[in-house]
Each structure stands twice: as C-alpha cells, then as structure tokens.
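Below is the file run.txt, which contains compact mmCIF, C-alpha atoms.
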```txt
# COMPACT_ATOMS: atom_id res chain seq x y z
CA MET A 24 -3.65 -34.93 -30.47
CA LYS A 25 -0.37 -35.51 -28.79
CA LEU A 26 -0.63 -37.48 -25.60
CA PHE A 27 3.01 -37.40 -24.70
CA SER A 28 4.17 -33.87 -25.13
CA THR A 29 7.84 -33.36 -24.56
CA THR A 30 8.86 -31.05 -21.78
CA ASP A 31 10.88 -28.70 -23.95
CA GLU A 32 7.76 -27.85 -25.92
CA LYS A 33 6.86 -24.78 -23.96
CA GLN A 34 3.33 -23.52 -23.91
CA ARG A 35 2.72 -19.89 -23.10
CA GLN A 36 0.57 -19.51 -20.04
CA TYR A 37 -1.84 -16.58 -19.83
CA LEU A 38 -3.04 -15.12 -16.56
CA VAL A 39 -6.26 -13.12 -16.87
CA ILE A 40 -7.32 -11.08 -13.82
CA GLY A 41 -10.98 -10.07 -13.69
CA ALA A 42 -13.71 -12.19 -15.28
CA GLY A 43 -15.94 -9.41 -16.49
CA ARG A 44 -17.21 -9.22 -20.06
CA LEU A 45 -13.74 -8.44 -21.37
CA GLY A 46 -11.81 -10.88 -19.19
CA ALA A 47 -14.20 -13.79 -19.67
CA ASN A 48 -14.45 -13.32 -23.44
CA LEU A 49 -10.72 -13.08 -23.73
CA ALA A 50 -10.22 -16.22 -21.63
CA ASN A 51 -12.76 -18.12 -23.76
CA ASP A 52 -11.01 -17.00 -26.90
CA LEU A 53 -7.55 -17.97 -25.71
CA SER A 54 -8.78 -21.31 -24.39
CA GLU A 55 -10.48 -22.07 -27.69
CA ARG A 56 -7.20 -21.49 -29.46
CA GLY A 57 -5.67 -24.14 -27.25
CA GLU A 58 -3.75 -21.77 -24.98
CA ASP A 59 -3.16 -22.42 -21.31
CA VAL A 60 -5.28 -19.93 -19.34
CA VAL A 61 -5.68 -19.14 -15.65
CA ILE A 62 -8.42 -16.68 -14.72
CA ILE A 63 -8.96 -14.96 -11.36
CA ASP A 64 -12.05 -13.18 -10.08
CA LYS A 65 -13.15 -12.26 -6.60
CA THR A 66 -16.70 -13.56 -7.10
CA LYS A 67 -17.32 -17.13 -8.13
CA SER A 68 -20.47 -16.31 -10.07
CA ALA A 69 -18.39 -14.26 -12.54
CA PHE A 70 -17.12 -17.51 -14.03
CA ARG A 71 -20.61 -18.28 -15.38
CA LYS A 72 -19.65 -16.10 -18.33
CA LEU A 73 -17.01 -18.64 -19.33
CA ALA A 74 -17.93 -21.04 -22.14
CA PRO A 75 -18.76 -24.65 -21.14
CA SER A 76 -15.78 -25.70 -23.22
CA PHE A 77 -13.39 -23.46 -21.25
CA GLY A 78 -10.40 -25.61 -20.46
CA GLY A 79 -8.41 -23.32 -18.21
CA MET A 80 -8.19 -22.96 -14.47
CA THR A 81 -10.45 -20.62 -12.46
CA ILE A 82 -9.39 -19.14 -9.13
CA THR A 83 -11.75 -17.31 -6.80
CA GLY A 84 -9.93 -14.68 -4.79
CA ASP A 85 -8.75 -11.10 -4.53
CA ALA A 86 -5.86 -10.66 -6.93
CA THR A 87 -4.48 -7.73 -4.96
CA ASN A 88 -3.52 -10.38 -2.43
CA LEU A 89 -0.06 -11.78 -3.10
CA SER A 90 -1.01 -15.30 -2.02
CA VAL A 91 -3.82 -15.40 -4.59
CA LEU A 92 -1.39 -14.41 -7.33
CA THR A 93 1.02 -17.11 -6.23
CA GLU A 94 -1.80 -19.66 -6.16
CA ALA A 95 -2.59 -18.67 -9.76
CA GLN A 96 1.04 -19.48 -10.63
CA ILE A 97 1.84 -15.96 -11.74
CA GLU A 98 5.53 -16.84 -11.88
CA LYS A 99 4.77 -19.30 -14.71
CA ALA A 100 2.63 -16.89 -16.72
CA ALA A 101 4.12 -15.46 -19.90
CA VAL A 102 1.52 -12.72 -20.17
CA VAL A 103 -0.54 -11.08 -17.45
CA ILE A 104 -3.75 -9.34 -18.52
CA VAL A 105 -5.34 -7.14 -15.87
CA VAL A 106 -8.95 -6.27 -16.66
CA THR A 107 -10.93 -5.83 -13.44
CA ASP A 108 -13.65 -3.20 -13.45
CA GLU A 109 -11.68 -0.81 -11.27
CA ASP A 110 -8.86 1.38 -12.53
CA ASN A 111 -7.02 1.61 -9.23
CA THR A 112 -7.08 -2.15 -8.77
CA ASN A 113 -5.78 -2.61 -12.31
CA ILE A 114 -2.96 -0.15 -11.67
CA MET A 115 -1.83 -1.84 -8.48
CA ILE A 116 -2.03 -5.41 -9.82
CA SER A 117 -0.13 -4.48 -13.00
CA GLN A 118 2.60 -2.86 -10.98
CA LEU A 119 2.75 -5.84 -8.62
CA ALA A 120 3.15 -8.15 -11.63
CA LYS A 121 5.81 -5.93 -13.13
CA VAL A 122 7.82 -5.09 -10.02
CA LEU A 123 7.44 -8.03 -7.66
CA PHE A 124 7.08 -10.82 -10.20
CA ASN A 125 9.22 -9.35 -13.01
CA LYS A 126 6.68 -10.13 -15.72
CA LYS A 127 7.81 -9.08 -19.18
CA GLN A 128 4.41 -8.54 -20.75
CA VAL A 129 1.63 -6.94 -18.73
CA ILE A 130 -1.50 -5.65 -20.45
CA SER A 131 -4.10 -3.60 -18.65
CA ARG A 132 -7.27 -1.68 -19.27
CA LEU A 133 -7.90 1.82 -17.91
CA TYR A 134 -11.22 3.63 -18.10
CA ASP A 135 -9.83 7.02 -17.16
CA PRO A 136 -7.03 8.18 -19.50
CA GLU A 137 -6.12 10.90 -17.00
CA ARG A 138 -4.46 8.35 -14.72
CA LYS A 139 -1.97 7.47 -17.43
CA SER A 140 0.94 9.22 -15.73
CA VAL A 141 0.85 6.68 -12.91
CA TYR A 142 1.66 3.91 -15.36
CA GLU A 143 4.53 5.60 -17.12
CA ASP A 144 8.06 4.19 -16.67
CA PHE A 145 6.67 0.71 -16.06
CA ASP A 146 6.41 -0.60 -19.58
CA ILE A 147 2.84 -1.77 -19.08
CA GLN A 148 0.75 -2.04 -22.24
CA LEU A 149 -2.48 -0.09 -21.92
CA ILE A 150 -5.89 -0.11 -23.50
CA TYR A 151 -8.27 2.82 -23.11
CA PRO A 152 -11.80 1.84 -24.21
CA ALA A 153 -12.83 5.50 -24.31
CA ILE A 154 -10.02 6.50 -26.65
CA LEU A 155 -10.50 3.40 -28.83
CA SER A 156 -14.20 4.17 -29.18
CA VAL A 157 -13.53 7.81 -29.99
CA ASN A 158 -11.07 6.83 -32.71
CA GLU A 159 -13.43 4.24 -34.14
CA ILE A 160 -16.39 6.61 -34.20
CA THR A 161 -14.28 9.36 -35.78
CA ARG A 162 -13.18 6.88 -38.41
CA MET A 163 -16.79 5.88 -39.09
CA LEU A 164 -17.79 9.50 -39.38
CA ALA A 165 -14.97 10.15 -41.80
CA THR A 166 -15.88 7.23 -44.08
CA GLN A 167 -19.53 8.23 -43.95
CA LYS A 168 -18.56 11.72 -45.07
CA GLN A 169 -16.49 10.33 -47.91
CA ILE A 170 -19.35 8.16 -49.13
CA GLY A 171 -21.66 11.14 -48.89
CA ALA A 172 -19.22 13.28 -50.86
CA GLU A 173 -18.95 10.65 -53.58
CA ILE A 174 -22.70 10.44 -54.02
CA HIS A 175 -23.17 14.18 -54.39
CA MET B 24 4.75 30.16 3.96
CA LYS B 25 2.60 27.66 5.79
CA LYS B 26 3.14 24.06 4.81
CA HIS B 27 0.13 22.61 3.06
CA ILE B 28 -0.94 19.07 3.96
CA LEU B 29 -3.51 17.09 1.98
CA LEU B 30 -5.48 14.27 3.59
CA VAL B 31 -7.30 11.95 1.20
CA GLY B 32 -10.00 9.56 2.42
CA GLY B 33 -10.59 8.41 5.96
CA TYR B 34 -13.03 9.93 8.38
CA ASN B 35 -12.25 9.45 12.05
CA LYS B 36 -8.54 9.62 11.30
CA VAL B 37 -9.04 12.88 9.43
CA ILE B 38 -11.01 14.40 12.30
CA SER B 39 -8.23 13.88 14.80
CA LEU B 40 -5.28 14.30 12.44
CA SER B 41 -6.54 17.51 10.86
CA GLN B 42 -7.24 19.15 14.20
CA SER B 43 -3.81 18.27 15.49
CA LEU B 44 -2.12 19.51 12.29
CA ILE B 45 -4.09 22.77 12.22
CA LYS B 46 -3.14 23.37 15.83
CA LYS B 47 0.52 22.96 14.84
CA GLY B 48 0.09 25.67 12.23
CA TYR B 49 -0.26 23.74 8.99
CA GLU B 50 -2.72 24.49 6.26
CA VAL B 51 -4.84 21.35 5.87
CA THR B 52 -7.12 20.19 3.06
CA ALA B 53 -9.22 17.02 3.21
CA ILE B 54 -10.74 15.13 0.28
CA ASN B 55 -13.59 12.74 0.98
CA HIS B 56 -16.06 11.07 -1.33
CA HIS B 57 -18.88 10.71 1.21
CA TYR B 58 -21.08 13.75 1.13
CA GLU B 59 -22.25 13.28 4.73
CA HIS B 60 -18.68 12.89 5.95
CA CYS B 61 -17.72 16.07 4.11
CA LYS B 62 -20.49 17.97 5.84
CA LYS B 63 -19.22 16.83 9.24
CA LEU B 64 -15.60 17.56 8.36
CA ALA B 65 -16.56 21.05 7.20
CA GLU B 66 -17.51 21.85 10.78
CA ILE B 67 -13.84 21.73 11.78
CA PRO B 68 -12.57 25.31 11.78
CA LYS B 69 -9.91 26.24 9.18
CA LEU B 70 -10.09 22.83 7.46
CA ASN B 71 -10.62 22.99 3.67
CA VAL B 72 -12.92 20.18 2.56
CA ILE B 73 -13.29 18.93 -1.01
CA PHE B 74 -16.02 16.46 -1.94
CA GLY B 75 -14.87 13.97 -4.56
CA ASP B 76 -12.79 10.93 -5.50
CA GLY B 77 -9.15 11.59 -4.63
CA THR B 78 -7.87 9.22 -7.31
CA LYS B 79 -9.18 11.56 -10.00
CA PRO B 80 -6.64 14.15 -11.12
CA PHE B 81 -9.19 16.95 -11.49
CA VAL B 82 -10.32 16.47 -7.88
CA LEU B 83 -6.72 16.76 -6.74
CA GLU B 84 -6.36 19.91 -8.83
CA GLU B 85 -9.41 21.34 -7.16
CA ALA B 86 -7.66 20.73 -3.83
CA GLN B 87 -4.78 22.99 -5.01
CA ILE B 88 -2.46 20.02 -5.32
CA HIS B 89 0.31 22.19 -6.76
CA THR B 90 0.70 23.95 -3.44
CA VAL B 91 0.68 20.73 -1.39
CA ASP B 92 3.88 19.79 0.43
CA ILE B 93 2.75 16.53 2.02
CA ALA B 94 0.00 14.23 0.76
CA ILE B 95 -1.38 11.55 3.08
CA ALA B 96 -3.59 8.72 1.75
CA LEU B 97 -5.90 7.37 4.43
CA THR B 98 -8.52 5.32 2.57
CA GLN B 99 -9.22 1.73 3.53
CA LYS B 100 -8.18 0.31 0.19
CA ASP B 101 -4.51 -0.28 -0.57
CA GLU B 102 -4.91 0.17 -4.31
CA THR B 103 -6.65 3.51 -3.82
CA ASN B 104 -3.94 4.72 -1.48
CA LEU B 105 -1.22 3.65 -3.89
CA VAL B 106 -2.81 5.44 -6.84
CA ILE B 107 -3.33 8.61 -4.79
CA CYS B 108 0.34 8.66 -3.79
CA GLU B 109 1.55 7.88 -7.29
CA LEU B 110 -0.62 10.58 -8.84
CA CYS B 111 0.53 13.13 -6.28
CA LYS B 112 4.16 12.19 -6.78
CA LYS B 113 4.41 11.60 -10.51
CA LYS B 114 1.75 13.82 -12.00
CA PHE B 115 1.84 16.71 -9.56
CA GLY B 116 5.32 16.49 -8.08
CA VAL B 117 4.28 16.53 -4.42
CA GLU B 118 7.43 16.39 -2.31
CA LYS B 119 6.36 13.87 0.29
CA THR B 120 3.70 11.18 0.16
CA VAL B 121 2.52 9.06 3.06
CA SER B 122 0.25 6.05 2.71
CA LEU B 123 -1.68 3.91 5.11
CA ILE B 124 -1.50 0.22 4.21
CA ASP B 125 -3.74 -2.66 5.16
CA ASP B 126 -1.73 -5.62 3.89
CA PRO B 127 1.69 -5.60 5.59
CA LYS B 128 3.11 -7.85 2.86
CA LYS B 129 2.96 -4.96 0.40
CA ILE B 130 4.98 -2.47 2.48
CA ASN B 131 8.18 -2.93 0.49
CA PHE B 132 6.27 -2.84 -2.77
CA PHE B 133 4.77 0.52 -1.83
CA TYR B 134 8.22 1.89 -1.06
CA SER B 135 9.54 0.67 -4.40
CA MET B 136 6.64 2.42 -6.10
CA GLY B 137 7.94 5.71 -4.76
CA VAL B 138 5.73 6.25 -1.71
CA ASP B 139 7.93 8.06 0.81
CA SER B 140 6.45 6.67 3.97
CA VAL B 141 4.24 3.63 4.45
CA VAL B 142 2.33 3.18 7.69
CA SER B 143 0.91 -0.21 8.54
CA ALA B 144 -1.76 0.03 11.18
CA ILE B 145 -1.79 -3.75 11.60
CA ASN B 146 1.95 -3.95 12.25
CA ALA B 147 1.86 -1.04 14.67
CA ILE B 148 -1.10 -2.39 16.60
CA THR B 149 0.07 -5.98 16.78
CA SER B 150 3.48 -4.98 18.04
CA ILE B 151 1.99 -2.72 20.70
CA VAL B 152 -0.45 -5.41 21.80
CA GLU B 153 2.31 -7.98 21.90
CA GLN B 154 4.52 -5.76 24.01
CA GLN B 155 1.70 -4.91 26.38
CA ALA B 156 0.76 -8.55 26.75
CA LEU B 157 4.22 -10.03 27.18
CA ILE B 158 6.24 -7.45 29.00
CA ASN B 159 4.82 -5.68 32.01
CA GLU B 160 8.03 -3.96 33.00
CA ILE B 161 8.13 -1.70 29.96
CA THR B 162 6.38 1.59 30.39
CA THR B 163 7.01 3.12 26.96
CA ILE B 164 8.33 1.88 23.66
CA ILE B 165 9.23 4.15 20.78
CA PRO B 166 10.00 2.48 17.47
CA VAL B 167 12.48 4.38 15.28
CA GLY B 168 13.94 3.69 11.83
CA GLN B 169 10.74 2.04 10.57
CA GLY B 170 10.59 -0.10 13.66
CA ARG B 171 14.02 -1.68 13.22
CA ILE B 172 15.25 -0.02 16.37
CA SER B 173 13.26 0.56 19.50
CA ILE B 174 13.76 2.72 22.51
CA ALA B 175 12.19 1.29 25.65
CA GLU B 176 11.83 2.57 29.16
CA ILE B 177 11.94 -0.05 31.91
CA LYS B 178 11.79 0.17 35.67
CA ILE B 179 14.01 -1.94 37.91
CA PRO B 180 11.93 -3.74 40.55
CA LYS B 181 13.16 -4.12 44.16
CA MET B 182 13.56 -7.85 43.81
CA ALA B 183 15.69 -7.75 40.66
CA LYS B 184 18.95 -9.66 40.96
CA THR B 185 20.75 -6.86 39.12
CA VAL B 186 20.24 -4.39 41.98
CA GLY B 187 23.64 -3.31 43.26
CA LYS B 188 25.49 -4.82 40.30
CA ARG B 189 27.78 -2.94 37.93
CA LEU B 190 26.64 -2.73 34.32
CA GLN B 191 29.80 -4.47 33.12
CA ASP B 192 28.87 -7.51 35.23
CA ILE B 193 25.46 -7.89 33.66
CA ASN B 194 25.20 -10.24 30.74
CA LEU B 195 23.40 -8.04 28.17
CA PRO B 196 22.92 -9.11 24.55
CA LYS B 197 25.18 -7.02 22.31
CA GLU B 198 22.16 -5.74 20.35
CA VAL B 199 21.07 -3.76 23.40
CA ILE B 200 22.65 -0.79 25.14
CA ILE B 201 21.54 1.19 28.14
CA GLY B 202 21.49 4.74 26.87
CA CYS B 203 20.46 6.53 30.00
CA ILE B 204 19.46 5.96 33.62
CA LEU B 205 16.80 8.04 35.32
CA ARG B 206 17.32 7.98 39.11
CA ASN B 207 14.97 10.07 41.24
CA GLU B 208 14.90 13.39 39.42
CA GLU B 209 18.31 13.05 37.81
CA SER B 210 19.31 11.50 34.53
CA MET B 211 22.76 10.18 33.71
CA VAL B 212 24.57 8.42 30.93
CA PRO B 213 25.97 5.25 32.50
CA ASP B 214 29.29 3.48 31.91
CA GLY B 215 30.46 0.01 32.87
CA GLN B 216 31.12 1.07 36.46
CA THR B 217 27.62 2.41 37.11
CA LYS B 218 25.70 0.38 39.68
CA ILE B 219 22.02 -0.31 39.24
CA GLN B 220 19.67 0.60 42.09
CA SER B 221 16.11 -0.47 42.65
CA GLY B 222 13.64 2.03 41.24
CA ASP B 223 16.01 3.10 38.47
CA GLU B 224 14.42 3.72 35.13
CA LEU B 225 16.58 2.54 32.28
CA ILE B 226 16.35 3.72 28.69
CA LEU B 227 17.21 0.81 26.44
CA ILE B 228 18.14 1.22 22.80
CA SER B 229 17.97 -2.06 20.95
CA SER B 230 17.97 -3.47 17.46
CA ASP B 231 16.88 -6.92 18.64
CA LYS B 232 16.69 -9.25 21.66
CA LYS B 233 15.03 -6.59 23.79
CA GLU B 234 12.99 -9.20 25.63
CA LYS B 235 16.09 -11.12 26.67
CA ALA B 236 17.76 -7.95 27.95
CA ILE B 237 14.69 -7.01 29.97
CA LYS B 238 14.54 -10.44 31.54
CA GLU B 239 18.23 -10.17 32.43
CA LEU B 240 17.81 -6.73 33.99
CA THR B 241 14.54 -7.12 35.86
CA GLY B 242 14.47 -10.84 36.65
CA ALA B 243 14.61 -11.91 40.30
```

As structure tokens, what does this structure read like?
Amino acid sequence: MKLFSTTDEKQRQYLVIGAGRLGANLANDLSERGEDVVIIDKTKSAFRKLAPSFGGMTITGDATNLSVLTEAQIEKAAVVIVVTDEDNTNIMISQLAKVLFNKKQVISRLYDPERKSVYEDFDIQLIYPAILSVNEITRMLATQKQIGAEIH
Amino acid sequence: MKKHILLVGGYNKVISLSQSLIKKGYEVTAINHHYEHCKKLAEIPKLNVIFGDGTKPFVLEEAQIHTVDIAIALTQKDETNLVICELCKKKFGVEKTVSLIDDPKKINFFYSMGVDSVVSAINAITSIVEQQALINEITTIIPVGQGRISIAEIKIPKMAKTVGKRLQDINLPKEVIIGCILRNEESMVPDGQTKIQSGDELILISSDKKEKAIKELTGA
C-alpha cells in the first residue's frame, strides 16, 4: 500500500446516484476494486445495502437539487451513473450532469424504452433492463433449440 | 382551425386555466393521473380529459398530441415537467412548450433543454410579495421580458416634493423612464418640460432601480 501517493497519480472518481439494488451493488463493486466512489440517495436507509467494507462516501439528499450534486463533488467525478428508480428523475439528472456540469461520461438506466427520444442528442449512455432481458432470454431460447436439434 | 392546448398534471390550476382558455376559444385537453381528479375535471364543459401518466408517449398519443399547438406541464415535480416538455417537443414536434418549475435555480437549464417558456411560481410570488410589502405607492406592476423589465403604475401623493417640478429637474436613475402620465381622465406622453401635479399617475418603465426612482418621485 502506498501511503504517500503523488498528486499527479489521478484516480477516477465515480458518482453513483440512487442506492437501489443496482446502484448499491455497483458502488460495492467499484469500491472493492479500489475505485473512489461517491453515492447519493434520498433516503438514508438505502445505504444499508452497501457492504460493510464500502470505502466510499455516502450523501443523503435529493440529487435533482443542484446543491446536493455540488456537495457530492460532481465536478470532480469522471463518470456519473444515474440509476434511481424513476425514469423521469434519471433523465433530468443525466441532462443536468451533461449540460450544467459538462460531464463526458454519463450512464443511465431507463425502464421505459419509449422515452428514448428525450435522451437523443445528449450522448448519454443508456441501459434498458427490459431490452437486455429480452435479448438474453431470446439467446437462451435459441441455444436451447440448438441443443434440442442436436439431440434429435 | 382552433388552436389545441394540452395541459398535463395539476388540478386546481387546470380547473381555472382550462375554463379561461375554453372561454377564449381554444380547444383544451387535460391529462391527469388521479382518477378522482379526472372525474371532477370531466365536469367542465368542452374540456377533453385523459386519465393517465403524461410522461408516457402512448398517453400523449391518446390525447391527440399531433394536433397540439401548445403543451403546458403543470405537475409538481420538475423532472416530470421537463420530460413532458421534452417528449412533446422532440418526439411529437409540438410547436410551443411551457413548463412550471419549482426550483428557480433550474430555470436556465430548462431553457437550454428546449422548453420554450419556463414559469417559476416561487419567483413570481416572492417578487409580488416583496413589492406589496415594500412599496405602497405602486398600484400595479407588470413584468415583461421574463421579468427583466417592469412596468409600474405609481400615484403622486399631495405631499411629494416633486409636485410642481419639471421632469428634467428630477434626479431619476437612467434605468427608469416615465412612459406616460395619467392626469384626471387624460393620458399624455411627457417630455422634460412636463410638470408633475399631485394625483398624477405615472407609468414607469424600468430595467432596474425602480425603488430608488419611486422614492425620488413620491418622497416628501
């Protein structure tokens, strides 16, 4: 372990917004890999999902509020990951991060693929759990079929 | 063809706004996601009511979004209002979008996201309250140009030291001009030679320092 890290050794800081199952697991994972993580959620009890070994910073507050984002040092973050349980909140926070704070990499999760058009032209990276699951299940079905075909 | 206006969210605001718009001859549709509220709204004659979540594209489609000329987002949540306006604008090409906003710090952000008009109830109310509390002489204030310029109507009291003075002799801040004087039943556009009389009503147009000008004009 290095006790005296030099200042030019830059560590990427991750800002995770929303400590649900996805946000908390992601934060645990990043923290375990030794990354610098800040996580925001509007209810304090959400942080119970974080591992005891979680070494990042937790902030209780509404991330649609600019002062909460500033408190979470959004300007230092290299990546902003927006995974609250509400699509509209995710859309607004991602756009805030992109437009007001000029963040290069913003990743967000959307439940409803129909709202995609709102995100276009903003260069926000999107994950659609529904589409991912559909693809995965289709893939499973296809391999199952293949195996079945081979047996017969 | 009648202009079609869509109101999304809100309840009391929709009741008064829709009635006023219908009276002016617009076709009005309201979307609300409270069933009870929808039932009440449906009692308003000529108002089309759609029950559903206005941030969902298929609900907007049900509200004939392609025929809508102006969409107004009136929910209590900023993020919901933003998404409604963005969907209307980007997905459905609605010409004009108007959004209510709760957090005044996000006004510029909303404009940069393409919302055509952002209305902050907090800003409007605080400025009205402030004016009412601080300045008794003003009878009406109309903000124009997003509140950067205001038009105020003030009455000159009998005791004012400006009574009988020419306008050119009054030390007004340069941000303020007197656009018009209402005297008895007449109105006139003043010049530097015009003398102020007690009981005159002055129309002030100002970009700033309105309070100082009013003090100067009405002070004893």

Coordinates-based distance that separates CA of Ala175 in chain B from CA of Leu227 in chain B (Å, one decimal): 5.1 Å

List every protein, DNA or RNA residue with an atom no more than 12 Å from (8.4, 2.0, 18.9) in the file's coordinates, counting only C-alpha atoms, and format the result as number ranges by chain. B: 146-152, 154, 161-176, 227-230, 233

Export of the given selection (C-alpha atoms) as a PDB file, in the coordinates of the input:
```
ATOM      1  CA  ASN B 146       1.950  -3.950  12.250  1.00  0.00           C
ATOM      2  CA  ALA B 147       1.860  -1.040  14.670  1.00  0.00           C
ATOM      3  CA  ILE B 148      -1.100  -2.390  16.600  1.00  0.00           C
ATOM      4  CA  THR B 149       0.070  -5.980  16.780  1.00  0.00           C
ATOM      5  CA  SER B 150       3.480  -4.980  18.040  1.00  0.00           C
ATOM      6  CA  ILE B 151       1.990  -2.720  20.700  1.00  0.00           C
ATOM      7  CA  VAL B 152      -0.450  -5.410  21.800  1.00  0.00           C
ATOM      8  CA  GLN B 154       4.520  -5.760  24.010  1.00  0.00           C
ATOM      9  CA  ILE B 161       8.130  -1.700  29.960  1.00  0.00           C
ATOM     10  CA  THR B 162       6.380   1.590  30.390  1.00  0.00           C
ATOM     11  CA  THR B 163       7.010   3.120  26.960  1.00  0.00           C
ATOM     12  CA  ILE B 164       8.330   1.880  23.660  1.00  0.00           C
ATOM     13  CA  ILE B 165       9.230   4.150  20.780  1.00  0.00           C
ATOM     14  CA  PRO B 166      10.000   2.480  17.470  1.00  0.00           C
ATOM     15  CA  VAL B 167      12.480   4.380  15.280  1.00  0.00           C
ATOM     16  CA  GLY B 168      13.940   3.690  11.830  1.00  0.00           C
ATOM     17  CA  GLN B 169      10.740   2.040  10.570  1.00  0.00           C
ATOM     18  CA  GLY B 170      10.590  -0.100  13.660  1.00  0.00           C
ATOM     19  CA  ARG B 171      14.020  -1.680  13.220  1.00  0.00           C
ATOM     20  CA  ILE B 172      15.250  -0.020  16.370  1.00  0.00           C
ATOM     21  CA  SER B 173      13.260   0.560  19.500  1.00  0.00           C
ATOM     22  CA  ILE B 174      13.760   2.720  22.510  1.00  0.00           C
ATOM     23  CA  ALA B 175      12.190   1.290  25.650  1.00  0.00           C
ATOM     24  CA  GLU B 176      11.830   2.570  29.160  1.00  0.00           C
ATOM     25  CA  LEU B 227      17.210   0.810  26.440  1.00  0.00           C
ATOM     26  CA  ILE B 228      18.140   1.220  22.800  1.00  0.00           C
ATOM     27  CA  SER B 229      17.970  -2.060  20.950  1.00  0.00           C
ATOM     28  CA  SER B 230      17.970  -3.470  17.460  1.00  0.00           C
ATOM     29  CA  LYS B 233      15.030  -6.590  23.790  1.00  0.00           C
TER      30      LYS B 233
END
```

Extract, using only C-alpha atoms, all DNA, RNA and protein residues at most 12 Å from Ala86 in chain A, discarding same-chain residues fewer than 3 positions from it, and format them as an MDAnalysis selection string. (chainID A and resid 38:42 62:66 82:83 89:97 103:107 112:117 119:120) or (chainID B and resid 102)

Could you work out how far CA of Tyr151 in chain A lies from CA of Arg132 in chain A, giving the answer in Å with one decimal?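 About the pair CA of Arg132 in chain A and CA of Tyr151 in chain A: they are 6.0 Å apart.
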
Around the point (-6.0, 24.0, 7.9) in the file's coordinates, collect all residues with an atom within 7 Å, using all atoms listed in the file, and return them as a list in words.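 Result, sorted by chain then residue number: Ile45, Tyr49, Glu50, Val51, Thr52, Lys69, Leu70 and Asn71 of chain B.
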
Using 6 Å as the limit and counting all atoms listed in the file, can you tabulate each residue of chain B that touches chain A, with its shortest atom-to-atom distance in Å and the two atoms involved, as a Markdown table?
```
| residue | atom | partner | partner_atom | distance |
| --- | --- | --- | --- | --- |
| B:Glu102 | CA | A:Thr112 | CA | 5.5 |
| B:Thr103 | CA | A:Asn111 | CA | 5.7 |
| B:Glu109 | CA | A:Val141 | CA | 5.8 |
| B:Leu110 | CA | A:Val141 | CA | 5.8 |
| B:Lys114 | CA | A:Ser140 | CA | 6.0 |
```

Could you work out how far CA of Cys108 in chain B lies from CA of Ile130 in chain B, giving the answer in Å with one decimal? 13.6 Å

Please define a box with edges along x, y and z of the file around all atoms of range 46-53 of chain A given in the file, extend it by 8 Å on each side, and return its centre and edge lengths in Å to one decimal, as JSON.
```
{"center_x": -11.0, "center_y": -14.5, "center_z": -23.0, "size_x": 22.9, "size_y": 23.2, "size_z": 23.7}
```

Closest of B:Glu209, B:Glu85, B:Asp92, B:Glu118 to Ile73 in chain B - atom-to-atom distances counting all atoms listed in the file: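 The closest residue to Ile73 in chain B is B:Glu85.
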
Mind checking which residues fall within 10 Å of Ile88 in chain B, counting only C-alpha atoms, ignoring those fewer than 6 positions away in the same chain, and posting them as a PyMOL selection string? chain B and resi 27-29+52+80-82+94+111+115-117

Find, counting all atoms listed in the file, the residue in A:Leu53, A:Phe145, A:Glu98, A:Gly46 that gets nearest to Phe124 in chain A.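 Ranked by minimum distance to Phe124 in chain A, first place goes to A:Glu98.
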